[in-house]
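Here is the structure we will look at, set down as structure tokens.
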Amino acid sequence: MAEEAEEAQVSARPLPPARPGRPDVLTFGETMVALRGSGPLKLGGTMEVSVAGAESNVAIGLARLGHAVRWAGAVGDDEAGQLVLRTLRAEGVGVSGATVDPGAPTGLLMFEPRLPDVTRVHYYRAGSAGSRLTAHAVEAAFDAAPPRVLHLTGITPALGPTARAASRHALELAHRDGSLICLDVNFRARLWSAEDAAAVLRQWMPFVDVLIASDDELPLCLPEGAGGAGGSGAGRVAALAERAAPLLDLGVTEVVAKLGADGAAVFTGDGSLHRPATPVRAVDAVGAGDAFVAGYLSALLDGEGPAERLERAVTTGAFAVASHGDWEGAPTRAELGLLGAPPGTVVR
């Protein structure tokens, strides 16, 4: 059961209405070819080839849950870029707004498992097509069909000035068109410093409706000088409520905190709600946060309240933790109830 403080109410910010041709969600960012090693990379061995990117992981998760999603990122004019587009199309994600950059390669990342619970990620994305995504490409995607929800992450602005300008332009276009704006902070220390991230993300806060972050990422969004102590258990949620308050004062409608093994919490102007994590046997934690976001936005698009949104989010996150890969284990709508099945269940 969810643990409640004052129960948070349904978002006060209404979603734009659905209509033919209008995507439920538009997102963009860098999706790369992903190579997954079986052990230390310096020893060689075999690697599995797939694709990965925070925004496209969310897009695939939402598409599997039955939502109309478009991805407007950029790939290189190469075989790797074709793999990215082919994979997204196969998963039901619209890519008509994607651009192909003949002057830059598709990015690459490699996963290196070093311990049962420790994986190192190596990025090769400097000068990639994704880092050169233009504001013009984003504007074309909005002109084609303004989305009900714009989903951004803090990864894209970290890729470089061009991608940062495109992200800012998307915020302005979404605000103009009345789209609900969701931001997952997704801080990557290998891409930019905490100081640089805070300087950008704090400027974005007046545009954001739904902010999703881990508790250690929230300070990057807070007004300078605002804060709050950490904690654990119920004390952790109370400390997060203190951190969320300045963001709500800025106009953020919902602050959603990902708490790992402690579950998740949502804070609104009406109160807060905490949901414990769904226990599963962990296989691979990569992509769990993106799956969580997909579940949360899915329930929001369905018109569900905060309790149901957290419930679906922790469920989709648990599917990701229990599966290998960034997005491969994302559930369909019909599969959401499988986590409640007793061990040893065989579905016939």
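Chain labels follow the order of the structure tokens: the first chain is A, the next B, and so on; residue numbering restarts at 1 in every chain, and ligands are counted from 1 in their shown order.
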
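Look at segment 208-223 of chain A: the protein and nucleic acid residues within 7 Å of it, using only C-alpha atoms and passing over chain neighbours fewer than 3 places away, are Leu180, Ile181, Cys182, Leu183, Asp184, Val185, Asn186, Phe187, Ala194, Ala197, Ala198, Leu201, Arg202, Trp204, Met205, Ala226, Gly227, Pro246, Leu247, Val252, Thr253, Glu254, Val255, Val256, Ala257, Lys258 and Leu259 of chain A.
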
Suppose we keep N, CA and C atoms; can you now write the selection as a PDB file, in the first residue's frame?
```pdb
ATOM      1  N   LEU A 180       1.979  19.938 -22.210  1.00  0.00           N
ATOM      2  CA  LEU A 180       2.510  19.689 -20.880  1.00  0.00           C
ATOM      3  C   LEU A 180       3.977  19.308 -21.025  1.00  0.00           C
ATOM      4  N   ILE A 181       4.835  19.840 -20.172  1.00  0.00           N
ATOM      5  CA  ILE A 181       6.281  19.634 -20.291  1.00  0.00           C
ATOM      6  C   ILE A 181       6.780  18.777 -19.135  1.00  0.00           C
ATOM      7  N   CYS A 182       7.399  17.663 -19.487  1.00  0.00           N
ATOM      8  CA  CYS A 182       7.985  16.753 -18.501  1.00  0.00           C
ATOM      9  C   CYS A 182       9.497  16.759 -18.668  1.00  0.00           C
ATOM     10  N   LEU A 183      10.212  16.931 -17.584  1.00  0.00           N
ATOM     11  CA  LEU A 183      11.672  16.898 -17.597  1.00  0.00           C
ATOM     12  C   LEU A 183      12.177  15.843 -16.624  1.00  0.00           C
ATOM     13  N   ASP A 184      12.968  14.903 -17.137  1.00  0.00           N
ATOM     14  CA  ASP A 184      13.692  13.947 -16.298  1.00  0.00           C
ATOM     15  C   ASP A 184      15.132  14.438 -16.228  1.00  0.00           C
ATOM     16  N   VAL A 185      15.609  14.796 -15.051  1.00  0.00           N
ATOM     17  CA  VAL A 185      16.915  15.437 -14.904  1.00  0.00           C
ATOM     18  C   VAL A 185      18.040  14.581 -15.480  1.00  0.00           C
ATOM     19  N   ASN A 186      18.088  13.315 -15.127  1.00  0.00           N
ATOM     20  CA  ASN A 186      19.032  12.376 -15.747  1.00  0.00           C
ATOM     21  C   ASN A 186      20.444  12.958 -15.849  1.00  0.00           C
ATOM     22  N   PHE A 187      20.988  13.413 -14.743  1.00  0.00           N
ATOM     23  CA  PHE A 187      22.314  14.049 -14.733  1.00  0.00           C
ATOM     24  C   PHE A 187      23.399  13.037 -15.085  1.00  0.00           C
ATOM     25  N   ALA A 194      28.172  19.491 -12.459  1.00  0.00           N
ATOM     26  CA  ALA A 194      26.958  19.831 -11.717  1.00  0.00           C
ATOM     27  C   ALA A 194      26.685  21.328 -11.797  1.00  0.00           C
ATOM     28  N   ALA A 197      25.213  22.054 -15.237  1.00  0.00           N
ATOM     29  CA  ALA A 197      23.852  21.517 -15.306  1.00  0.00           C
ATOM     30  C   ALA A 197      22.887  22.407 -14.540  1.00  0.00           C
ATOM     31  N   ALA A 198      23.273  22.819 -13.349  1.00  0.00           N
ATOM     32  CA  ALA A 198      22.398  23.662 -12.540  1.00  0.00           C
ATOM     33  C   ALA A 198      22.121  24.995 -13.237  1.00  0.00           C
ATOM     34  N   LEU A 201      19.471  24.040 -15.992  1.00  0.00           N
ATOM     35  CA  LEU A 201      18.204  23.482 -15.529  1.00  0.00           C
ATOM     36  C   LEU A 201      17.406  24.467 -14.680  1.00  0.00           C
ATOM     37  N   ARG A 202      18.088  25.297 -13.909  1.00  0.00           N
ATOM     38  CA  ARG A 202      17.360  26.302 -13.119  1.00  0.00           C
ATOM     39  C   ARG A 202      16.636  27.295 -14.016  1.00  0.00           C
ATOM     40  N   TRP A 204      15.306  26.477 -16.790  1.00  0.00           N
ATOM     41  CA  TRP A 204      14.197  25.737 -17.398  1.00  0.00           C
ATOM     42  C   TRP A 204      12.989  25.596 -16.477  1.00  0.00           C
ATOM     43  N   MET A 205      13.189  25.710 -15.178  1.00  0.00           N
ATOM     44  CA  MET A 205      12.129  25.363 -14.234  1.00  0.00           C
ATOM     45  C   MET A 205      10.799  26.092 -14.479  1.00  0.00           C
ATOM     46  N   ALA A 226      18.483  27.398  -1.993  1.00  0.00           N
ATOM     47  CA  ALA A 226      17.428  26.526  -1.462  1.00  0.00           C
ATOM     48  C   ALA A 226      18.000  25.135  -1.294  1.00  0.00           C
ATOM     49  N   GLY A 227      17.410  24.359  -0.406  1.00  0.00           N
ATOM     50  CA  GLY A 227      17.922  23.007  -0.208  1.00  0.00           C
ATOM     51  C   GLY A 227      17.100  22.259   0.792  1.00  0.00           C
ATOM     52  N   PRO A 246      10.234  24.761  -3.013  1.00  0.00           N
ATOM     53  CA  PRO A 246      10.614  25.904  -3.859  1.00  0.00           C
ATOM     54  C   PRO A 246      10.306  25.683  -5.337  1.00  0.00           C
ATOM     55  N   LEU A 247      10.368  24.431  -5.769  1.00  0.00           N
ATOM     56  CA  LEU A 247      10.063  24.121  -7.168  1.00  0.00           C
ATOM     57  C   LEU A 247       8.581  24.289  -7.450  1.00  0.00           C
ATOM     58  N   VAL A 252       6.225  24.539 -11.003  1.00  0.00           N
ATOM     59  CA  VAL A 252       6.226  23.114 -11.315  1.00  0.00           C
ATOM     60  C   VAL A 252       4.996  22.494 -10.657  1.00  0.00           C
ATOM     61  N   THR A 253       4.212  21.750 -11.418  1.00  0.00           N
ATOM     62  CA  THR A 253       2.971  21.191 -10.885  1.00  0.00           C
ATOM     63  C   THR A 253       3.220  19.938 -10.052  1.00  0.00           C
ATOM     64  N   GLU A 254       4.143  19.088 -10.527  1.00  0.00           N
ATOM     65  CA  GLU A 254       4.433  17.832  -9.843  1.00  0.00           C
ATOM     66  C   GLU A 254       5.940  17.621  -9.792  1.00  0.00           C
ATOM     67  N   VAL A 255       6.447  17.299  -8.636  1.00  0.00           N
ATOM     68  CA  VAL A 255       7.837  16.896  -8.472  1.00  0.00           C
ATOM     69  C   VAL A 255       7.824  15.415  -8.109  1.00  0.00           C
ATOM     70  N   VAL A 256       8.403  14.611  -8.968  1.00  0.00           N
ATOM     71  CA  VAL A 256       8.399  13.159  -8.780  1.00  0.00           C
ATOM     72  C   VAL A 256       9.822  12.726  -8.462  1.00  0.00           C
ATOM     73  N   ALA A 257      10.006  12.089  -7.320  1.00  0.00           N
ATOM     74  CA  ALA A 257      11.337  11.673  -6.874  1.00  0.00           C
ATOM     75  C   ALA A 257      11.482  10.166  -6.999  1.00  0.00           C
ATOM     76  N   LYS A 258      12.509   9.736  -7.736  1.00  0.00           N
ATOM     77  CA  LYS A 258      12.846   8.320  -7.850  1.00  0.00           C
ATOM     78  C   LYS A 258      13.775   7.969  -6.693  1.00  0.00           C
ATOM     79  N   LEU A 259      13.377   6.988  -5.889  1.00  0.00           N
ATOM     80  CA  LEU A 259      14.102   6.695  -4.650  1.00  0.00           C
ATOM     81  C   LEU A 259      14.743   5.313  -4.647  1.00  0.00           C
TER      82      LEU A 259
END
```

Ala165 of chain A: which residues within 7 Å, counting only C-alpha atoms, same-chain residues fewer than 4 positions away excluded, as a list in words?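 Listed by chain and then number, they are Ala135, Pro161 and His169 of chain A.
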
Write a file of the just-selected residues containing N, CA, C and O atoms, as a PDB file, in the first residue's frame.
```pdb
ATOM      1  N   ALA A 135      17.740  23.473 -33.683  1.00  0.00           N
ATOM      2  CA  ALA A 135      16.450  24.034 -33.283  1.00  0.00           C
ATOM      3  C   ALA A 135      15.456  23.984 -34.439  1.00  0.00           C
ATOM      4  O   ALA A 135      14.249  23.827 -34.232  1.00  0.00           O
ATOM      5  N   PRO A 161      26.390  23.001 -27.373  1.00  0.00           N
ATOM      6  CA  PRO A 161      25.581  24.217 -27.510  1.00  0.00           C
ATOM      7  C   PRO A 161      24.440  24.083 -28.514  1.00  0.00           C
ATOM      8  O   PRO A 161      23.365  24.670 -28.316  1.00  0.00           O
ATOM      9  N   HIS A 169      14.625  25.733 -27.303  1.00  0.00           N
ATOM     10  CA  HIS A 169      13.604  26.111 -28.281  1.00  0.00           C
ATOM     11  C   HIS A 169      12.381  25.206 -28.142  1.00  0.00           C
ATOM     12  O   HIS A 169      11.238  25.665 -28.263  1.00  0.00           O
TER      13      HIS A 169
END
```

Can I get the residues of segment 259-299 of chain A within 12 Å of segment 97-118 of chain A, each with the closest pair of atoms and their distance in Å to one decimal, using only C-alpha atoms, sorted chain first then ascending number, as a tab-separated table?
```
residue	atom	partner	partner_atom	distance
A:Ala282	CA	A:Asp117	CA	9.1
A:Val283	CA	A:Asp117	CA	8.7
A:Asp284	CA	A:Asp117	CA	8.0
A:Ala285	CA	A:Asp117	CA	8.4
A:Val286	CA	A:Phe111	CA	9.7
```

Residues near Ala288 of chain A, anyone? I mean within 6 Å using only C-alpha atoms, not counting same-chain ones fewer than 2 positions away, as a PyMOL selection string. chain A and resi 285-286+290-291+317+320-321

Quick one: write out the picked residues with N, CA, C and O atoms as an mmCIF file, in the first residue's frame?
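Once written, out-v4.cif looks like this:
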```
data_model
loop_
_atom_site.group_PDB
_atom_site.id
_atom_site.type_symbol
_atom_site.label_atom_id
_atom_site.label_comp_id
_atom_site.auth_asym_id
_atom_site.auth_seq_id
_atom_site.Cartn_x
_atom_site.Cartn_y
_atom_site.Cartn_z
ATOM 1 N N ALA A 285 20.048 -3.009 -13.785
ATOM 2 C CA ALA A 285 19.398 -1.755 -13.381
ATOM 3 C C ALA A 285 19.397 -0.706 -14.478
ATOM 4 O O ALA A 285 18.701 0.308 -14.367
ATOM 5 N N VAL A 286 20.160 -0.920 -15.560
ATOM 6 C CA VAL A 286 20.228 0.070 -16.628
ATOM 7 C C VAL A 286 18.860 0.219 -17.290
ATOM 8 O O VAL A 286 18.212 -0.758 -17.637
ATOM 9 N N ASP A 290 14.246 5.211 -16.964
ATOM 10 C CA ASP A 290 13.477 5.539 -18.161
ATOM 11 C C ASP A 290 12.158 4.767 -18.191
ATOM 12 O O ASP A 290 11.119 5.306 -18.583
ATOM 13 N N ALA A 291 12.203 3.513 -17.773
ATOM 14 C CA ALA A 291 10.969 2.722 -17.706
ATOM 15 C C ALA A 291 10.005 3.325 -16.689
ATOM 16 O O ALA A 291 8.785 3.345 -16.902
ATOM 17 N N GLY A 317 9.222 0.210 -13.913
ATOM 18 C CA GLY A 317 10.613 0.226 -13.474
ATOM 19 C C GLY A 317 11.082 -1.140 -13.018
ATOM 20 O O GLY A 317 12.220 -1.544 -13.288
ATOM 21 N N ALA A 320 11.994 -3.349 -15.887
ATOM 22 C CA ALA A 320 13.315 -3.029 -16.425
ATOM 23 C C ALA A 320 14.425 -3.638 -15.588
ATOM 24 O O ALA A 320 15.391 -4.201 -16.118
ATOM 25 N N VAL A 321 14.304 -3.538 -14.266
ATOM 26 C CA VAL A 321 15.324 -4.086 -13.371
ATOM 27 C C VAL A 321 15.419 -5.602 -13.519
ATOM 28 O O VAL A 321 16.502 -6.189 -13.402
#
```

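Residues within 7 Å of segment 87-95 of chain A, counting only C-alpha atoms and excluding same-chain residues fewer than 5 positions away, are Ala59, Ile60, Ala63, Val69, Arg70, Trp71 and Ala72 of chain A.
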
Can you list every residue in segment 59-95 of chain A that DSSP puts in strand (DSSP E or B), as JSON, numbers by chain? {"A": [69, 70, 71, 74, 75, 76, 94]}

Just all heavy atoms for this one: save the residues we selected as a CSV table (one decimal), in the first residue's frame.
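What follows is the written file selection.csv:
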```
chain,number,residue,atom,x,y,z
A,69,VAL,N,3.6,8.0,-29.9
A,69,VAL,CA,4.9,8.7,-29.5
A,69,VAL,C,5.7,9.0,-30.8
A,69,VAL,O,5.8,8.1,-31.7
A,69,VAL,CB,5.7,7.8,-28.6
A,69,VAL,CG1,6.9,8.6,-28.0
A,69,VAL,CG2,4.9,7.2,-27.5
A,70,ARG,N,6.3,10.1,-30.8
A,70,ARG,CA,7.2,10.5,-31.9
A,70,ARG,C,8.6,10.9,-31.3
A,70,ARG,O,8.7,11.5,-30.2
A,70,ARG,CB,6.7,11.6,-32.7
A,70,ARG,CG,5.5,11.3,-33.5
A,70,ARG,CD,5.0,12.4,-34.4
A,70,ARG,NE,3.8,12.0,-35.1
A,70,ARG,CZ,3.1,12.8,-35.9
A,70,ARG,NH1,3.4,14.1,-35.9
A,70,ARG,NH2,2.0,12.4,-36.5
A,71,TRP,N,9.6,10.5,-32.0
A,71,TRP,CA,11.0,10.8,-31.6
A,71,TRP,C,11.6,11.6,-32.7
A,71,TRP,O,11.6,11.2,-33.9
A,71,TRP,CB,11.8,9.5,-31.4
A,71,TRP,CG,13.2,9.6,-31.0
A,71,TRP,CD1,13.7,9.8,-29.8
A,71,TRP,CD2,14.4,9.6,-31.9
A,71,TRP,NE1,15.1,9.9,-29.8
A,71,TRP,CE2,15.5,9.8,-31.1
A,71,TRP,CE3,14.5,9.4,-33.3
A,71,TRP,CZ2,16.8,9.8,-31.6
A,71,TRP,CZ3,15.8,9.4,-33.8
A,71,TRP,CH2,16.9,9.6,-33.0
A,74,ALA,N,18.4,13.0,-34.0
A,74,ALA,CA,19.3,13.0,-35.2
A,74,ALA,C,20.2,11.8,-35.1
A,74,ALA,O,20.8,11.5,-34.1
A,74,ALA,CB,20.1,14.3,-35.3
A,75,VAL,N,20.4,11.2,-36.3
A,75,VAL,CA,21.4,10.1,-36.4
A,75,VAL,C,22.3,10.4,-37.6
A,75,VAL,O,22.0,11.3,-38.4
A,75,VAL,CB,20.7,8.8,-36.6
A,75,VAL,CG1,19.8,8.4,-35.5
A,75,VAL,CG2,19.8,8.8,-37.9
A,76,GLY,N,23.4,9.7,-37.7
A,76,GLY,CA,24.3,9.9,-38.8
A,76,GLY,C,23.8,9.2,-40.0
A,76,GLY,O,22.9,8.3,-39.9
A,94,GLY,N,7.1,6.8,-33.8
A,94,GLY,CA,7.1,7.6,-35.1
A,94,GLY,C,8.5,8.3,-35.2
A,94,GLY,O,8.9,8.9,-34.3
```

Arg132 of chain A environment, 8 Å, only C-alpha atoms, sequence neighbours closer than 2 positions dropped, as JSON, numbers by chain: {"A": [74, 127, 128, 129, 130, 134, 160, 162, 163]}

Store the residues picked out above, limited to N, CA and C atoms, as a PDB file, in the first residue's frame.
```pdb
ATOM      1  N   ALA A  74      18.442  13.029 -33.972  1.00  0.00           N
ATOM      2  CA  ALA A  74      19.270  13.023 -35.171  1.00  0.00           C
ATOM      3  C   ALA A  74      20.221  11.837 -35.131  1.00  0.00           C
ATOM      4  N   GLY A 127      30.930  15.169 -31.034  1.00  0.00           N
ATOM      5  CA  GLY A 127      30.793  15.473 -32.445  1.00  0.00           C
ATOM      6  C   GLY A 127      29.813  14.597 -33.178  1.00  0.00           C
ATOM      7  N   SER A 128      28.987  13.873 -32.448  1.00  0.00           N
ATOM      8  CA  SER A 128      28.029  12.958 -33.082  1.00  0.00           C
ATOM      9  C   SER A 128      26.860  13.722 -33.690  1.00  0.00           C
ATOM     10  N   ALA A 129      26.075  13.020 -34.500  1.00  0.00           N
ATOM     11  CA  ALA A 129      24.890  13.630 -35.101  1.00  0.00           C
ATOM     12  C   ALA A 129      23.914  14.095 -34.026  1.00  0.00           C
ATOM     13  N   GLY A 130      23.752  13.299 -32.977  1.00  0.00           N
ATOM     14  CA  GLY A 130      22.828  13.670 -31.919  1.00  0.00           C
ATOM     15  C   GLY A 130      23.209  14.954 -31.218  1.00  0.00           C
ATOM     16  N   THR A 134      19.440  20.343 -34.407  1.00  0.00           N
ATOM     17  CA  THR A 134      19.206  21.781 -34.535  1.00  0.00           C
ATOM     18  C   THR A 134      17.830  22.199 -34.040  1.00  0.00           C
ATOM     19  N   GLY A 160      26.117  19.613 -26.002  1.00  0.00           N
ATOM     20  CA  GLY A 160      26.793  20.712 -26.674  1.00  0.00           C
ATOM     21  C   GLY A 160      25.861  21.877 -26.905  1.00  0.00           C
ATOM     22  N   THR A 162      24.624  23.327 -29.583  1.00  0.00           N
ATOM     23  CA  THR A 162      23.559  23.191 -30.572  1.00  0.00           C
ATOM     24  C   THR A 162      22.380  22.419 -29.994  1.00  0.00           C
ATOM     25  N   ALA A 163      22.669  21.284 -29.377  1.00  0.00           N
ATOM     26  CA  ALA A 163      21.606  20.487 -28.758  1.00  0.00           C
ATOM     27  C   ALA A 163      20.959  21.242 -27.599  1.00  0.00           C
TER      28      ALA A 163
END
```

Check the smallest atom-to-atom distance from each of A:Val347, A:Arg190, A:Arg22, A:Ala239 to Val121 of chain A using only C-alpha atoms, then report the winner.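 The answer is A:Arg190, which sits nearest to Val121 of chain A.
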
Pick from A:Pro306, A:Gly37, A:Pro23, A:Gly295 nearest to Asn57 of chain A, counting only C-alpha atoms: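 The answer is A:Gly295, which sits nearest to Asn57 of chain A.
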
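The space separating atom CA of His67 of chain A from atom CA of Gly251 of chain A comes to 26.8 Å.
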